[in-house]
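Everything below belongs to protein35.txt, which stores compact mmCIF, C-alpha atoms.
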```txt
# COMPACT_ATOMS: atom_id res chain seq x y z
CA MET G 24 0.00 0.00 0.00
CA ASN G 25 1.55 3.30 -1.01
CA VAL G 26 1.56 6.59 0.85
CA THR G 27 -0.78 8.30 -1.62
CA GLN G 28 -3.47 5.71 -1.00
CA ASP G 29 -2.94 5.96 2.76
CA LEU G 30 -3.41 9.73 2.67
CA SER G 31 -6.64 9.80 0.67
CA ILE G 32 -9.38 11.57 2.67
CA LEU G 33 -11.85 8.68 2.56
CA HIS G 34 -9.18 6.20 3.61
CA LEU G 35 -8.06 8.43 6.47
CA ILE G 36 -11.62 8.77 7.77
CA THR G 37 -12.54 5.10 7.51
CA ASN G 38 -9.27 3.96 9.09
CA ALA G 39 -9.15 6.52 11.87
CA SER G 40 -9.40 5.41 15.47
CA ALA G 41 -12.85 5.10 17.02
CA VAL G 42 -12.49 8.29 19.07
CA VAL G 43 -11.37 10.33 16.05
CA GLN G 44 -14.21 8.91 13.96
CA LEU G 45 -16.66 9.86 16.70
CA VAL G 46 -15.28 13.41 16.74
CA MET G 47 -15.53 13.63 12.95
CA ALA G 48 -19.12 12.34 12.99
CA LEU G 49 -20.06 14.83 15.69
CA LEU G 50 -18.52 17.73 13.79
CA ALA G 51 -20.14 16.64 10.53
CA GLY G 52 -23.55 16.51 12.23
CA VAL G 53 -23.03 19.90 13.83
CA SER G 54 -21.92 21.34 10.48
CA PHE G 55 -25.05 19.99 8.79
CA MET G 56 -27.27 21.50 11.49
CA SER G 57 -25.50 24.85 11.28
CA TRP G 58 -25.99 25.00 7.50
CA TYR G 59 -29.65 24.11 8.01
CA TYR G 60 -30.11 27.00 10.44
CA ILE G 61 -28.04 29.32 8.24
CA PHE G 62 -30.39 28.84 5.29
CA ARG G 63 -33.49 29.07 7.49
CA LYS G 64 -32.26 32.24 9.13
CA TRP G 65 -31.26 33.77 5.81
CA PHE G 66 -34.77 33.32 4.42
CA ALA G 67 -36.37 34.52 7.69
CA VAL G 68 -34.27 37.70 7.89
CA ARG G 69 -34.79 38.49 4.22
CA LEU G 70 -38.55 38.01 4.57
CA ALA G 71 -38.64 40.20 7.68
CA ARG G 72 -36.71 42.95 5.89
CA ASN G 73 -39.00 42.85 2.84
CA LYS G 74 -42.18 42.92 4.93
CA THR G 75 -40.80 45.77 7.03
CA GLU G 76 -40.06 47.84 3.96
CA GLN G 77 -43.51 47.10 2.53
CA PHE G 78 -45.30 48.07 5.73
CA GLU G 79 -43.26 51.27 6.09
CA ARG G 80 -44.37 52.30 2.61
CA ASP G 81 -48.00 51.60 3.46
CA PHE G 82 -47.80 53.32 6.83
CA TRP G 83 -46.15 56.50 5.62
CA SER G 84 -48.32 56.76 2.52
CA GLY G 85 -50.83 58.76 4.57
CA GLY G 86 -53.60 56.15 4.74
CA ASP G 87 -56.11 55.86 7.56
CA LEU G 88 -54.67 54.09 10.62
CA ALA G 89 -57.92 52.27 11.31
CA ASN G 90 -57.93 50.77 7.83
CA LEU G 91 -54.29 49.83 8.17
CA TYR G 92 -55.04 48.19 11.51
CA GLN G 93 -57.96 46.24 10.06
CA SER G 94 -55.77 45.05 7.21
CA ALA G 95 -53.17 43.84 9.71
CA VAL G 96 -55.83 41.98 11.70
CA ASN G 97 -57.30 40.31 8.62
CA ASP G 98 -53.87 39.21 7.34
CA ARG G 99 -52.32 38.44 10.70
CA HIS G 100 -50.73 35.14 9.67
CA HIS G 101 -48.83 36.80 6.82
CA ALA G 102 -48.04 40.09 8.56
CA GLY G 103 -44.47 41.17 9.18
CA ALA G 104 -42.87 41.99 12.50
CA MET G 105 -43.39 45.76 12.25
CA GLU G 106 -46.99 45.28 11.22
CA ARG G 107 -47.65 43.12 14.27
CA ILE G 108 -45.99 45.75 16.46
CA PHE G 109 -48.30 48.37 14.97
CA GLU G 110 -51.32 46.12 15.42
CA SER G 111 -50.66 45.52 19.12
CA GLY G 112 -50.02 49.20 19.77
CA PHE G 113 -53.10 50.45 17.94
CA ARG G 114 -55.30 47.78 19.56
CA GLU G 115 -54.17 48.85 23.02
CA PHE G 116 -54.58 52.51 22.07
CA THR G 117 -58.16 51.93 20.90
CA LYS G 118 -59.04 49.99 24.05
CA LEU G 119 -57.54 52.50 26.49
CA ARG G 120 -58.82 55.53 24.63
CA GLY G 121 -62.39 54.51 25.46
CA GLN G 122 -61.69 54.67 29.20
CA LYS G 123 -62.57 58.12 30.47
CA ASN G 124 -60.52 57.94 33.67
CA LEU G 125 -57.19 57.74 31.82
CA GLU G 126 -55.08 60.68 30.78
CA ALA G 127 -53.53 60.98 27.33
CA LYS G 128 -50.10 60.11 28.68
CA ASP G 129 -51.41 56.88 30.24
CA VAL G 130 -53.07 55.85 27.00
CA VAL G 131 -49.92 56.40 24.96
CA ASP G 132 -47.75 54.69 27.58
CA GLY G 133 -50.04 51.67 27.54
CA SER G 134 -49.82 51.50 23.76
CA ARG G 135 -46.04 51.81 23.94
CA ARG G 136 -45.82 48.95 26.47
CA ALA G 137 -47.94 46.74 24.22
CA MET G 138 -45.67 47.50 21.27
CA ARG G 139 -42.58 46.88 23.39
CA ALA G 140 -43.85 43.42 24.39
CA THR G 141 -44.56 42.49 20.77
CA TYR G 142 -41.22 43.96 19.71
CA GLN G 143 -39.40 41.73 22.19
CA ARG G 144 -41.20 38.62 20.92
CA GLU G 145 -40.41 39.49 17.32
CA VAL G 146 -36.72 40.13 18.00
CA ASP G 147 -36.48 36.92 20.04
CA GLY G 148 -37.95 35.05 17.09
CA LEU G 149 -35.43 36.59 14.70
CA GLU G 150 -32.57 35.75 17.06
CA ASP G 151 -33.69 32.14 17.45
CA HIS G 152 -30.83 29.66 16.78
CA LEU G 153 -28.20 32.41 16.67
CA ALA G 154 -26.82 31.06 19.96
CA PHE G 155 -26.38 27.67 18.28
CA LEU G 156 -24.36 29.22 15.46
CA ALA G 157 -22.24 31.11 17.99
CA SER G 158 -21.60 27.90 19.93
CA VAL G 159 -20.64 26.01 16.77
CA GLY G 160 -18.25 28.79 15.76
CA SER G 161 -16.53 28.90 19.14
CA VAL G 162 -16.50 25.21 20.15
CA SER G 163 -15.99 23.28 16.89
CA PRO G 164 -12.28 24.15 16.48
CA TYR G 165 -11.58 22.87 19.99
CA VAL G 166 -13.51 19.67 19.37
CA GLY G 167 -11.53 19.17 16.17
CA LEU G 168 -8.33 19.90 18.06
CA PHE G 169 -9.25 17.25 20.61
CA GLY G 170 -9.65 14.75 17.77
CA THR G 171 -6.27 15.82 16.38
CA VAL G 172 -4.50 15.43 19.70
CA TRP G 173 -6.09 12.03 20.26
CA GLY G 174 -5.20 10.90 16.75
CA ILE G 175 -1.58 11.94 17.14
CA MET G 176 -1.39 10.14 20.48
CA HIS G 177 -2.83 7.05 18.80
CA ALA G 178 -0.29 7.32 15.97
CA PHE G 179 2.67 7.58 18.34
CA ARG G 180 1.42 4.65 20.39
CA GLY G 181 1.38 2.64 17.19
CA LEU G 182 5.04 3.45 16.61
CA SER G 183 5.98 1.44 19.68
CA ASN G 184 5.19 -1.72 17.72
CA VAL G 185 7.29 -0.63 14.73
CA GLY G 186 10.99 -1.42 14.66
CA GLN G 187 11.93 1.62 12.60
CA ALA G 188 9.80 4.78 12.36
CA THR G 189 9.50 6.10 8.81
CA LEU G 190 7.40 8.81 7.15
CA ALA G 191 5.22 6.14 5.56
CA SER G 192 4.42 4.65 8.95
CA VAL G 193 3.70 7.86 10.85
CA ALA G 194 2.11 10.01 8.12
CA PRO G 195 -1.31 8.27 7.94
CA GLY G 196 -1.87 8.57 11.69
CA ILE G 197 -0.96 12.25 11.79
CA ALA G 198 -2.94 12.97 8.63
CA GLU G 199 -6.10 11.35 10.00
CA ALA G 200 -5.68 13.43 13.12
CA LEU G 201 -5.40 16.65 11.12
CA VAL G 202 -8.60 15.79 9.24
CA ALA G 203 -10.49 16.26 12.51
CA THR G 204 -9.14 19.81 12.83
CA ALA G 205 -10.05 20.52 9.19
CA ILE G 206 -13.63 19.35 9.75
CA GLY G 207 -13.81 21.47 12.90
CA LEU G 208 -12.75 24.56 10.97
CA PHE G 209 -15.17 23.68 8.16
CA ALA G 210 -17.98 23.68 10.71
CA ALA G 211 -16.81 26.77 12.59
CA ILE G 212 -15.98 29.28 9.85
CA PRO G 213 -19.39 29.40 8.11
CA ALA G 214 -21.13 29.49 11.48
CA VAL G 215 -19.08 32.49 12.65
CA LEU G 216 -19.57 34.38 9.38
CA ALA G 217 -23.30 33.68 9.37
CA TYR G 218 -23.68 34.66 13.02
CA ASN G 219 -21.95 37.99 12.50
CA ARG G 220 -24.00 38.77 9.40
CA PHE G 221 -27.34 37.80 10.94
CA ALA G 222 -26.56 39.65 14.18
CA TYR G 223 -25.86 42.79 12.14
CA ASP G 224 -29.03 42.44 10.06
CA ILE G 225 -31.22 41.77 13.09
CA ASP G 226 -29.69 44.71 14.95
CA ARG G 227 -30.57 46.98 12.03
CA LEU G 228 -34.13 45.63 11.95
CA SER G 229 -34.53 46.09 15.70
CA THR G 230 -33.36 49.69 15.34
CA ARG G 231 -36.00 50.28 12.68
CA PHE G 232 -38.64 48.72 14.94
CA GLU G 233 -37.65 50.97 17.86
CA SER G 234 -37.68 54.06 15.65
CA PHE G 235 -41.13 53.14 14.38
CA MET G 236 -42.45 52.67 17.92
CA GLU G 237 -41.26 56.13 18.91
CA GLU G 238 -42.67 57.77 15.78
CA PHE G 239 -45.97 55.94 16.09
CA SER G 240 -46.20 56.91 19.77
CA ASN G 241 -45.78 60.54 18.75
CA ILE G 242 -48.61 60.16 16.25
CA LEU G 243 -50.86 58.66 18.91
CA GLN G 244 -49.90 61.46 21.29
CA ARG G 245 -51.04 64.05 18.73
CA GLN G 246 -54.32 62.19 18.21
CA MET G 247 -55.08 62.48 21.94
CA ARG G 248 -55.00 66.27 21.85
```
Take the structure I supplied and represent it as structure tokens, if you would.
Amino acid sequence: MNVTQDLSILHLITNASAVVQLVMALLAGVSFMSWYYIFRKWFAVRLARNKTEQFERDFWSGGDLANLYQSAVNDRHHAGAMERIFESGFREFTKLRGQKNLEAKDVVDGSRRAMRATYQREVDGLEDHLAFLASVGSVSPYVGLFGTVWGIMHAFRGLSNVGQATLASVAPGIAEALVATAIGLFAAIPAVLAYNRFAYDIDRLSTRFESFMEEFSNILQRQMR
């Protein structure tokens, strides 16, 4: 058996020690899950951005707020995050406005609290699974390094049964160990890049939501005069 055959990736994986194979399988599974969440989150963030832009156009077009609210209620299952924030705030505003014992400030504050609660739920939904991507990005290299260290230890233990250590005898063991590190990096790098990108996009969306809540609260304040 020649060295080239020994150092083929498939041969290294199938002939690795049980612990190294377990590490590789774990990292491969984690990598698959991270890519699954990356694609899901990409579609979710893009959809949230598009719906936010669409609702902002409708809201600032000068239409009647009651009609906009009714449209949000009728299409609740397809509404975007900002539209649901608006819906909760306007619903609370309408309910509190009918109570004669409340001042204008109390009505607007109640509407703002309702929007804040919906805002938190929406942001939590957008941030779902980001912690998993962060964990994959930070832990996978160390798991791969553990597999590498174990594989090298296994390779050197095997040398004790060899009369003369040569490159051909030690290279496969070290190479199979390094494959674990490579798989760890393959799992970690996309997860880190995706986490940073999604965190930035969600932060920008949350800023837009907060700005909308303040502007909408000012509109409701003027309507109470």
Once you count all atoms listed in the file, what closest atom pair and distance in Å to one decimal does each residue of range 118-225 of chain G within 12 Å of range 38-49 of chain G have, with rows by chain and rising residue number, as a Markdown table?
```
| residue | atom | partner | partner_atom | distance |
| --- | --- | --- | --- | --- |
| G:Val159 | CA | G:Leu49 | CA | 11.2 |
| G:Val162 | CA | G:Leu49 | CA | 11.8 |
| G:Ser163 | CA | G:Leu49 | CA | 9.5 |
| G:Pro164 | CA | G:Val46 | CA | 11.2 |
| G:Tyr165 | CA | G:Val46 | CA | 10.7 |
| G:Val166 | CA | G:Val46 | CA | 7.0 |
| G:Gly167 | CA | G:Val46 | CA | 6.9 |
| G:Leu168 | CA | G:Val46 | CA | 9.6 |
| G:Phe169 | CA | G:Val46 | CA | 8.1 |
| G:Gly170 | CA | G:Val43 | CA | 5.0 |
| G:Thr171 | CA | G:Val43 | CA | 7.5 |
| G:Val172 | CA | G:Val43 | CA | 9.3 |
| G:Trp173 | CA | G:Val43 | CA | 7.0 |
| G:Gly174 | CA | G:Val43 | CA | 6.2 |
| G:Ile175 | CA | G:Val43 | CA | 10.0 |
| G:Met176 | CA | G:Ser40 | CA | 10.6 |
| G:His177 | CA | G:Ser40 | CA | 7.5 |
| G:Ala178 | CA | G:Ser40 | CA | 9.3 |
| G:Arg180 | CA | G:Ser40 | CA | 11.9 |
| G:Gly181 | CA | G:Ser40 | CA | 11.3 |
| G:Pro195 | CA | G:Ala39 | CA | 8.9 |
| G:Gly196 | CA | G:Ala39 | CA | 7.6 |
| G:Ile197 | CA | G:Ala39 | CA | 10.0 |
| G:Ala198 | CA | G:Ala39 | CA | 9.5 |
| G:Glu199 | CA | G:Ala39 | CA | 6.0 |
| G:Ala200 | CA | G:Val43 | CA | 7.1 |
| G:Leu201 | CA | G:Val43 | CA | 10.0 |
| G:Val202 | CA | G:Met47 | CA | 8.2 |
| G:Ala203 | CA | G:Met47 | CA | 5.7 |
| G:Thr204 | CA | G:Met47 | CA | 8.9 |
| G:Ala205 | CA | G:Met47 | CA | 9.6 |
| G:Ile206 | CA | G:Met47 | CA | 6.8 |
| G:Gly207 | CA | G:Met47 | CA | 8.0 |
| G:Leu208 | CA | G:Met47 | CA | 11.5 |
| G:Phe209 | CA | G:Met47 | CA | 11.1 |
| G:Ala210 | CA | G:Leu49 | CA | 10.4 |
```
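Between CA of Arg120 in chain G and CA of Met247 in chain G the separation is 8.3 Å.
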Six-sided padding of 6 Å per side, axis-aligned box over range 237-248 of chain G, centre and edges in Å, one decimal, as AutoDock Vina command-line options:
```
--center_x -48.2 --center_y 61.1 --center_z 18.9 --size_x 25.8 --size_y 22.3 --size_z 18.2
```
For range 158-238 of chain G versus range 56-70 of chain G, which residues have an atom no more than 10 Å away, and what is each residue's nearest atom pair and distance in Å rounded to one decimal, using all atoms listed in the file, chain-then-number order, as a tab-separated table?
```
residue	atom	partner	partner_atom	distance
G:Ser158	CA	G:Ser57	CA	10.0
G:Val159	CA	G:Ser57	CA	7.4
G:Gly160	CA	G:Ser57	CA	9.4
G:Ala210	CA	G:Ser57	CA	7.6
G:Ala211	CA	G:Ser57	CA	9.0
G:Pro213	CA	G:Trp58	CA	8.0
G:Ala214	CA	G:Ser57	CA	6.4
G:Leu216	CA	G:Ile61	CA	9.9
G:Ala217	CA	G:Ile61	CA	6.5
G:Tyr218	CA	G:Ile61	CA	8.4
G:Arg220	CA	G:Trp65	CA	9.5
G:Phe221	CA	G:Val68	CA	7.6
G:Asp224	CA	G:Val68	CA	7.4
G:Ile225	CA	G:Val68	CA	7.3
G:Leu228	CA	G:Val68	CA	8.9
```
